[in-house]
Protein chains: 2
Amino acid sequence: MSTLSEVAAHAGVTSATVSNVLRNRGRVGEQTRQRVLEAVAALGYRPHLAARALAEGRAPTIALMVSSIANPFYPEFVLAVERAARTNGHFVIVCNTNQDPLAGRAYLEQIAGTLSEGVLVMNANLDFADLHQTQARGTPVVLCMWERPNDPPGLPCVAVDFRRAGELAAQHLLELGHRHIVAIVGSKRGGIHAARYEGFVDTLRHAGVKLPRTCVRYAPDTIEGGYAAARELLELHPLTTAIFATNDLPALGSIHAAFDLGRNVPQDLSVLGITDIQLARQSRPPLTTVAVPTVEAAEMAVSLLRELIERPPAAHHAVHQTARHAAHTARNSDSAREQPRICVASEPRLIVRGSTGAPRRKRG
Amino acid sequence: MSTLSEVAAHAGVTSATVSNVLRNRGRVGEQTRQRVLEAVAALGYRPHLAARALAEGRAPTIALMVSSIANPFYPEFVLAVERAARTNGHFVIVCNTNQDPLAGRAYLEQIAGTLSEGVLVMNANLDFADLHQTQARGTPVVLCMWERPNDPPGLPCVAVDFRRAGELAAQHLLELGHRHIVAIVGSKRGGIHAARYEGFVDTLRHAGVKLPRTCVRYAPDTIEGGYAAARELLELHPLTTAIFATNDLPALGSIHAAFDLGRNVPQDLSVLGITDIQLARQSRPPLTTVAVPTVEAAEMAVSLLRELIERPPAAHHAVHQTARHAAHTARNSDSAREQPRICVASEPRLIVRGSTGAPRRKRG
DNA sequence: TTGAAAGCGCTAACAC
DNA sequence: GTGTTAGCGCTTTCAA
């Protein structure tokens, strides 16, 4: 691993010059530039990113917090984030909080501002206070998929209208003629899926279709969770013709439950979810779902983060600032907080596949 | 973001002392230690990881190269890697090579040795020459799942006996009484899945069961790939009673194909794969498969990497070395190369679930 | 037990 | 155009 000054020596110039040609800064004579380039090639020089980070006062990485990358939704998202980040010259560090706010805090404390110049948060079950703190310390934070555009979280975020997703789902079921519907909510009551559920229920209600409490289950956001919930629901309400799940995983589990109960999907039972993860396409029958703009959201999140990194929102009281690097500006916080940026991603849209259909006229 | 010397000033000591108390190095008086700790708390000091990396000559991260994290197998692996890495004090940077060796090289060139002190390679379709080069430059590299323990790759690796996995699969089918078998290989002919396939074929042959060329398909290692291959195979060989796929994803696709062809699994057709990804448990019917020790391999890989980082294998010719940091040792390469370490993970084992059974006596 | 000082590899003023 | 110089925040000899 050769260093800048080794290259400089080899080219008979000074390291500043090498630095300049490498970053196309400052005017450099054509011949020196050539000599430098040769030296770089000859020595196989590669810049030391940690050193550069230190000197520049900024890191080449961003941290992506997820609760557990094993959730089949995340990898798709991580992929998109990584792609977008790369084109901005950032590497991404995956931080599995494992649903534990303490683990999340530990990550934030170590990484934010020292190894990563920004933090992306994807439903990682983090303490908002921690997030605000890292922000106050000067490291931009953005929430990747805020579920309620009309109810801003007080942090920069990209919002996706999940309420609308719920509405779309209900509408589809209604149009098909379903009236005996049950719902599986993939989070705690009032939890993260609340907006999806409300959109669904409200739409049903407007159409005069009730969804009594016994027709909804709060379950883990997994295939197994959906499976168990669907079985219970189906056994309790044998006349059910459609199951709505607030996420694809439980919807997939519901299809399995139907299968095990000897019910054919979609002939005997319609099932639909929200998100459109890859698996949705790959189930038998393929899952009807309300697609959410995952990749778009990832890209927006990355670009919002980049923006925040480049031009940190001015703090209201101009803070005493001796620091050489502007990135450390937004230091103060509570007294005068400006509205955090919020980007709204495009609307969810219904994707009709094989798991929904009209209910049978009569059921046995 | 306060710095060491700010803390030092606040505590009335010098930054060296603060550094010492923070890392429990050097003897420090109990009272100064207390004052320092208070100052740290008061200022909310957190060490700057990039600065530390530069000073120590080592980075707190490792790079994990994968071809595309969207493959459902990887996240499970990434999760395990991340956990293991964290307990070693390393963050992990995910590098999607996207099947492109050039992308892989770009990653290696930028990251290795400058931002990451080690690289883990998980089937990332990389150029071995690049890998050797980064190793020669002093950054340890380990291959995460080498498929042929008896045929070392010339790089440190953790090996899993995938040939054995193929044997186990064949044995299971044989014991159930299957004789009309087809196979789907999830890689190019002679590609990464070759060992699995050979183990399978050889075991069949020893039992006197032939697997003619028309009974095997090389297909993409995906659900869709398996689906298409299975359909072809099944249409070509209607008497088939069992499908073996070298990976779970194509096996899952095969189940779908059977479904669409009106064949019941396992009554009309048995299907099995290799790996035991989470999805295998969650299909209908659940997939019989040969489980491979994913988590164990991840942990072994991380710990092998750590070992290599801590005690880099001595180069044979003691290389001229002025560098202050020992990590830059193993610089030379080809003429006198010592045997790279290879760790063998525990054996694959058969997991019988619902997708395999005895063949029907007679078929219509 | 503590401090002074050098240096990790790089960038960025500023001077020449 | 190119070199000089002073750091970035930390660790680590070596002295005191």
# chains A, B, ... in the order shown; residues from 1 in each chain; ligands from 1
>>> residues_around(residues="Asn71 in chain A", least_positions_apart="4", cutoff="12 Å", atoms="only C-alpha atoms (C1' of nucleotides)", output="MDAnalysis selection string")
(chainID A and resid 66:67 75:78 96 98:99 122:124 220:223 247:249 277 279) or (chainID B and resid 70 72:76 78:79 278:279)
>>> interface_residues(of="chain B", to="chain C", cutoff="8 Å", atoms="only C-alpha atoms (C1' of nucleotides)", output="list in words")
Thr14, Ala16, Thr17, Arg27, Val28, Gly29, Leu54, Ala55, Glu56 and Gly57 of chain B
>>> write_last_selection(atoms="N, CA and C atoms", output="PDB file, in the first residue's frame")
ATOM      1  N   THR B  14      -3.881  15.663  29.742  1.00  0.00           N
ATOM      2  CA  THR B  14      -3.501  15.721  28.344  1.00  0.00           C
ATOM      3  C   THR B  14      -4.233  14.606  27.581  1.00  0.00           C
ATOM      4  N   ALA B  16      -3.256  12.268  25.792  1.00  0.00           N
ATOM      5  CA  ALA B  16      -2.696  10.925  25.939  1.00  0.00           C
ATOM      6  C   ALA B  16      -3.339  10.214  27.123  1.00  0.00           C
ATOM      7  N   THR B  17      -3.498  10.953  28.182  1.00  0.00           N
ATOM      8  CA  THR B  17      -4.100  10.361  29.370  1.00  0.00           C
ATOM      9  C   THR B  17      -5.542   9.940  29.105  1.00  0.00           C
ATOM     10  N   ARG B  27      -0.961   2.826  33.137  1.00  0.00           N
ATOM     11  CA  ARG B  27      -1.510   3.047  34.468  1.00  0.00           C
ATOM     12  C   ARG B  27      -1.959   4.497  34.606  1.00  0.00           C
ATOM     13  N   VAL B  28      -3.124   4.640  35.154  1.00  0.00           N
ATOM     14  CA  VAL B  28      -3.680   5.972  35.358  1.00  0.00           C
ATOM     15  C   VAL B  28      -4.184   6.065  36.785  1.00  0.00           C
ATOM     16  N   GLY B  29      -3.896   7.174  37.423  1.00  0.00           N
ATOM     17  CA  GLY B  29      -4.323   7.353  38.799  1.00  0.00           C
ATOM     18  C   GLY B  29      -5.829   7.344  38.924  1.00  0.00           C
ATOM     19  N   LEU B  54      -7.012   5.553  11.301  1.00  0.00           N
ATOM     20  CA  LEU B  54      -5.788   6.072  10.696  1.00  0.00           C
ATOM     21  C   LEU B  54      -4.600   5.900  11.639  1.00  0.00           C
ATOM     22  N   ALA B  55      -4.807   6.264  12.869  1.00  0.00           N
ATOM     23  CA  ALA B  55      -3.714   6.191  13.829  1.00  0.00           C
ATOM     24  C   ALA B  55      -3.292   4.745  14.080  1.00  0.00           C
ATOM     25  N   GLU B  56      -4.261   3.876  14.146  1.00  0.00           N
ATOM     26  CA  GLU B  56      -3.933   2.486  14.449  1.00  0.00           C
ATOM     27  C   GLU B  56      -3.461   1.718  13.230  1.00  0.00           C
ATOM     28  N   GLY B  57      -3.738   2.274  12.073  1.00  0.00           N
ATOM     29  CA  GLY B  57      -3.373   1.561  10.865  1.00  0.00           C
ATOM     30  C   GLY B  57      -4.286   0.384  10.585  1.00  0.00           C
TER      31      GLY B  57
END
>>> interface_residues(of="chain D", to="chain A", cutoff="8 Å", atoms="only C-alpha atoms (C1' of nucleotides)", output="ChimeraX atom specification")
/D:1-3,8-9
>>> write_last_selection(atoms="C-alpha atoms (C1' of nucleotides)", output="PDB file, in the first residue's frame")
ATOM      1  C1'  DG D   1       1.665  25.549 -11.954  1.00  0.00           C
ATOM      2  C1'  DT D   2       3.792  23.750  -7.829  1.00  0.00           C
ATOM      3  C1'  DG D   3       5.555  23.566  -3.139  1.00  0.00           C
ATOM      4  C1'  DC D   8      -8.026  16.281  10.764  1.00  0.00           C
ATOM      5  C1'  DG D   9      -8.475  13.221  15.862  1.00  0.00           C
TER       6       DG D   9
END
>>> interface_residues(of="chain A", to="chain B", cutoff="9 Å", atoms="only C-alpha atoms", output="PyMOL selection string")
chain A and resi 1+46-51+53-54+59-61+68-72+74-79+82-83+91-96+109-111+113-115+137-138+223-224+253+256+259-260+282-285+328+331
>>> write_last_selection(atoms="C-alpha atoms", output="mmCIF file, in the first residue's frame")
data_model
loop_
_atom_site.group_PDB
_atom_site.id
_atom_site.type_symbol
_atom_site.label_atom_id
_atom_site.label_comp_id
_atom_site.auth_asym_id
_atom_site.auth_seq_id
_atom_site.Cartn_x
_atom_site.Cartn_y
_atom_site.Cartn_z
ATOM 1 C CA MET A 1 0.000 0.000 0.000
ATOM 2 C CA ARG A 46 -4.944 3.764 -4.095
ATOM 3 C CA PRO A 47 -6.084 6.548 -1.797
ATOM 4 C CA HIS A 48 -6.502 5.639 1.820
ATOM 5 C CA LEU A 49 -10.152 6.279 2.480
ATOM 6 C CA ALA A 50 -9.869 6.560 6.226
ATOM 7 C CA ALA A 51 -7.118 9.141 5.926
ATOM 8 C CA ALA A 53 -12.140 10.926 5.595
ATOM 9 C CA LEU A 54 -10.219 12.362 8.471
ATOM 10 C CA ALA A 59 -16.783 9.794 5.826
ATOM 11 C CA PRO A 60 -17.427 7.863 2.648
ATOM 12 C CA THR A 61 -20.109 5.692 4.203
ATOM 13 C CA SER A 68 -33.275 -7.592 10.794
ATOM 14 C CA ILE A 69 -32.056 -7.950 7.309
ATOM 15 C CA ALA A 70 -33.532 -11.441 7.247
ATOM 16 C CA ASN A 71 -36.976 -10.021 6.666
ATOM 17 C CA PRO A 72 -37.499 -10.723 2.967
ATOM 18 C CA TYR A 74 -35.264 -5.590 3.406
ATOM 19 C CA PRO A 75 -32.820 -7.099 0.983
ATOM 20 C CA GLU A 76 -34.665 -5.607 -1.943
ATOM 21 C CA PHE A 77 -34.536 -2.301 -0.233
ATOM 22 C CA VAL A 78 -30.917 -2.638 0.798
ATOM 23 C CA LEU A 79 -30.016 -3.449 -2.765
ATOM 24 C CA GLU A 82 -26.678 0.407 -1.973
ATOM 25 C CA ARG A 83 -26.933 1.118 -5.669
ATOM 26 C CA PHE A 91 -20.473 2.701 0.892
ATOM 27 C CA VAL A 92 -23.172 1.327 3.081
ATOM 28 C CA ILE A 93 -22.800 -0.246 6.466
ATOM 29 C CA VAL A 94 -25.677 -2.499 7.429
ATOM 30 C CA CYS A 95 -26.757 -2.196 10.998
ATOM 31 C CA ASN A 96 -29.078 -4.867 12.274
ATOM 32 C CA GLU A 109 -23.257 6.214 19.062
ATOM 33 C CA GLN A 110 -20.318 4.488 17.548
ATOM 34 C CA ILE A 111 -20.863 5.040 13.899
ATOM 35 C CA GLY A 113 -20.416 11.093 12.441
ATOM 36 C CA THR A 114 -17.269 9.127 12.906
ATOM 37 C CA LEU A 115 -17.488 6.390 10.364
ATOM 38 C CA ARG A 137 -24.771 16.167 16.926
ATOM 39 C CA GLY A 138 -24.514 16.986 13.277
ATOM 40 C CA ILE A 223 -45.452 -15.897 7.015
ATOM 41 C CA GLU A 224 -45.963 -17.938 10.154
ATOM 42 C CA GLY A 253 -49.033 -17.210 5.229
ATOM 43 C CA HIS A 256 -50.821 -21.487 3.109
ATOM 44 C CA PHE A 259 -54.330 -24.509 1.450
ATOM 45 C CA ASP A 260 -54.095 -26.516 4.642
ATOM 46 C CA GLN A 282 -43.525 -16.286 -6.790
ATOM 47 C CA SER A 283 -46.210 -17.818 -4.673
ATOM 48 C CA ARG A 284 -48.839 -20.196 -5.976
ATOM 49 C CA PRO A 285 -51.156 -18.609 -6.817
ATOM 50 C CA HIS A 328 -20.593 20.059 11.983
ATOM 51 C CA ARG A 331 -25.553 21.603 16.426
#
>>> select_by_dssp(residues="range 40-230 of chain B", states="helix (DSSP H, G or I)", output="PyMOL selection string")
chain B and resi 40-43+49-56+73-87+101-111+128-136+162-176+194-206+213-215+223-230
>>> residues_around(residues="range 142-144 of chain B", least_positions_apart="6", cutoff="9 Å", atoms="only C-alpha atoms (C1' of nucleotides)", output="ChimeraX atom specification")
/B:118-123,153,155-159,297-298,300-302,304-305,308
>>> select_by_dssp(residues="range 150-289 of chain A", states="strand (DSSP E or B)", output="list in words")
Cys157, Val158, Ala159, Ile181, Val182, Ala183, Ile184, Val185, Val216, Arg217, Tyr218, Ala242, Ile243, Phe244, Ala245, Ser270, Val271, Leu272, Gly273, Ile274, Thr275, Thr288 and Thr289 of chain A
>>> decode(residues="range 105-245 of chain B", atoms="C-alpha atoms", output="CSV table (one decimal), in the first residue's frame")
chain,number,residue,atom,x,y,z
B,105,ARG,CA,-12.8,-5.2,-8.5
B,106,ALA,CA,-13.8,-1.6,-8.1
B,107,TYR,CA,-15.0,-2.4,-4.6
B,108,LEU,CA,-11.9,-4.2,-3.7
B,109,GLU,CA,-9.7,-1.5,-5.0
B,110,GLN,CA,-11.4,1.2,-3.1
B,111,ILE,CA,-12.2,-0.5,0.1
B,112,ALA,CA,-9.7,-3.1,0.9
B,113,GLY,CA,-7.1,-2.0,3.3
B,114,THR,CA,-8.3,1.6,3.4
B,115,LEU,CA,-11.7,1.3,4.8
B,116,SER,CA,-11.9,-2.4,5.6
B,117,GLU,CA,-9.3,-4.5,7.1
B,118,GLY,CA,-10.6,-7.7,5.7
B,119,VAL,CA,-12.8,-9.0,3.0
B,120,LEU,CA,-15.3,-11.8,3.1
B,121,VAL,CA,-16.4,-13.3,-0.2
B,122,MET,CA,-19.7,-15.0,-0.6
B,123,ASN,CA,-20.1,-16.3,-4.2
B,124,ALA,CA,-19.7,-12.9,-5.6
B,125,ASN,CA,-18.5,-13.9,-9.0
B,126,LEU,CA,-15.2,-12.3,-8.4
B,127,ASP,CA,-12.0,-12.6,-10.3
B,128,PHE,CA,-9.6,-14.7,-8.3
B,129,ALA,CA,-6.7,-12.7,-9.6
B,130,ASP,CA,-8.2,-9.6,-8.0
B,131,LEU,CA,-8.7,-11.5,-4.7
B,132,HIS,CA,-5.1,-12.6,-4.8
B,133,GLN,CA,-4.0,-9.1,-5.5
B,134,THR,CA,-5.8,-7.6,-2.6
B,135,GLN,CA,-4.4,-10.3,-0.4
B,136,ALA,CA,-0.9,-9.6,-1.7
B,137,ARG,CA,-1.4,-6.0,-0.8
B,138,GLY,CA,-1.9,-7.0,2.8
B,139,THR,CA,-5.6,-7.3,3.2
B,140,PRO,CA,-6.8,-10.7,4.3
B,141,VAL,CA,-9.5,-12.4,2.1
B,142,VAL,CA,-11.6,-15.3,3.0
B,143,LEU,CA,-14.0,-17.3,0.9
B,144,CYS,CA,-17.2,-18.0,2.8
B,145,MET,CA,-18.5,-21.2,1.3
B,146,TRP,CA,-16.2,-23.2,-0.7
B,147,GLU,CA,-18.0,-26.1,-2.2
B,148,ARG,CA,-15.2,-28.6,-2.5
B,149,PRO,CA,-13.2,-29.3,0.7
B,150,ASN,CA,-10.8,-31.6,-1.2
B,151,ASP,CA,-10.0,-29.1,-3.8
B,152,PRO,CA,-8.7,-26.0,-2.1
B,153,PRO,CA,-9.1,-22.7,-3.9
B,154,GLY,CA,-5.7,-21.3,-3.0
B,155,LEU,CA,-7.3,-18.7,-0.7
B,156,PRO,CA,-8.3,-19.0,2.9
B,157,CYS,CA,-11.8,-20.3,3.0
B,158,VAL,CA,-14.4,-22.1,5.0
B,159,ALA,CA,-15.4,-25.2,3.1
B,160,VAL,CA,-18.7,-27.0,3.2
B,161,ASP,CA,-19.0,-30.4,1.7
B,162,PHE,CA,-21.6,-29.9,-0.9
B,163,ARG,CA,-20.7,-33.1,-2.7
B,164,ARG,CA,-21.9,-34.8,0.4
B,165,ALA,CA,-25.1,-32.8,0.3
B,166,GLY,CA,-25.7,-34.2,-3.2
B,167,GLU,CA,-25.1,-37.7,-2.0
B,168,LEU,CA,-27.5,-37.3,0.9
B,169,ALA,CA,-30.2,-36.1,-1.5
B,170,ALA,CA,-29.7,-39.0,-3.8
B,171,GLN,CA,-29.7,-41.5,-1.0
B,172,HIS,CA,-33.0,-40.1,0.3
B,173,LEU,CA,-34.6,-40.4,-3.1
B,174,LEU,CA,-33.2,-43.9,-3.6
B,175,GLU,CA,-34.5,-45.1,-0.2
B,176,LEU,CA,-37.9,-43.8,-1.0
B,177,GLY,CA,-37.8,-46.0,-4.0
B,178,HIS,CA,-37.5,-43.4,-6.8
B,179,ARG,CA,-36.0,-44.5,-10.1
B,180,HIS,CA,-37.3,-41.9,-12.5
B,181,ILE,CA,-35.4,-38.9,-11.4
B,182,VAL,CA,-34.5,-35.6,-13.0
B,183,ALA,CA,-32.2,-32.9,-11.9
B,184,ILE,CA,-32.0,-29.2,-12.1
B,185,VAL,CA,-28.5,-27.7,-11.6
B,186,GLY,CA,-28.6,-24.1,-10.5
B,187,SER,CA,-25.4,-23.0,-12.2
B,188,LYS,CA,-23.6,-23.3,-15.5
B,189,ARG,CA,-22.3,-26.7,-16.4
B,190,GLY,CA,-19.1,-27.3,-14.4
B,191,GLY,CA,-20.0,-24.2,-12.4
B,192,ILE,CA,-20.3,-23.7,-8.7
B,193,HIS,CA,-22.9,-26.4,-8.2
B,194,ALA,CA,-20.9,-29.0,-9.9
B,195,ALA,CA,-19.9,-30.8,-6.7
B,196,ARG,CA,-23.4,-31.1,-5.5
B,197,TYR,CA,-24.5,-32.5,-8.8
B,198,GLU,CA,-21.6,-35.0,-9.0
B,199,GLY,CA,-22.3,-36.3,-5.5
B,200,PHE,CA,-25.9,-36.8,-6.5
B,201,VAL,CA,-25.2,-38.5,-9.8
B,202,ASP,CA,-22.5,-40.7,-8.5
B,203,THR,CA,-24.6,-42.0,-5.7
B,204,LEU,CA,-27.4,-42.7,-8.2
B,205,ARG,CA,-25.0,-44.5,-10.4
B,206,HIS,CA,-23.7,-46.7,-7.6
B,207,ALA,CA,-27.3,-47.8,-7.0
B,208,GLY,CA,-27.6,-48.6,-10.7
B,209,VAL,CA,-29.8,-45.6,-11.5
B,210,LYS,CA,-28.8,-43.7,-14.6
B,211,LEU,CA,-29.4,-40.0,-15.1
B,212,PRO,CA,-29.2,-39.4,-18.9
B,213,ARG,CA,-28.4,-36.0,-20.2
B,214,THR,CA,-32.0,-35.3,-21.2
B,215,CYS,CA,-32.9,-35.6,-17.5
B,216,VAL,CA,-30.8,-32.7,-16.4
B,217,ARG,CA,-31.2,-29.0,-16.9
B,218,TYR,CA,-28.8,-26.2,-16.1
B,219,ALA,CA,-30.9,-23.2,-15.0
B,220,PRO,CA,-30.7,-19.9,-13.2
B,221,ASP,CA,-30.5,-20.3,-9.5
B,222,THR,CA,-33.9,-18.8,-8.9
B,223,ILE,CA,-37.5,-19.8,-8.4
B,224,GLU,CA,-38.4,-18.9,-11.9
B,225,GLY,CA,-35.4,-20.7,-13.3
B,226,GLY,CA,-36.4,-23.8,-11.4
B,227,TYR,CA,-40.0,-23.4,-12.5
B,228,ALA,CA,-39.1,-23.3,-16.2
B,229,ALA,CA,-36.7,-26.1,-16.0
B,230,ALA,CA,-39.1,-28.3,-14.1
B,231,ARG,CA,-41.8,-27.7,-16.6
B,232,GLU,CA,-39.6,-28.7,-19.5
B,233,LEU,CA,-38.3,-31.7,-17.7
B,234,LEU,CA,-41.7,-32.9,-16.6
B,235,GLU,CA,-43.2,-32.5,-20.1
B,236,LEU,CA,-40.3,-34.3,-21.6
B,237,HIS,CA,-40.3,-37.1,-19.0
B,238,PRO,CA,-43.9,-37.6,-17.8
B,239,LEU,CA,-42.9,-40.7,-15.8
B,240,THR,CA,-40.7,-38.7,-13.5
B,241,THR,CA,-41.3,-39.3,-9.9
B,242,ALA,CA,-38.7,-37.0,-8.3
B,243,ILE,CA,-37.0,-33.8,-9.0
B,244,PHE,CA,-33.7,-32.9,-7.4
B,245,ALA,CA,-32.5,-29.3,-7.5
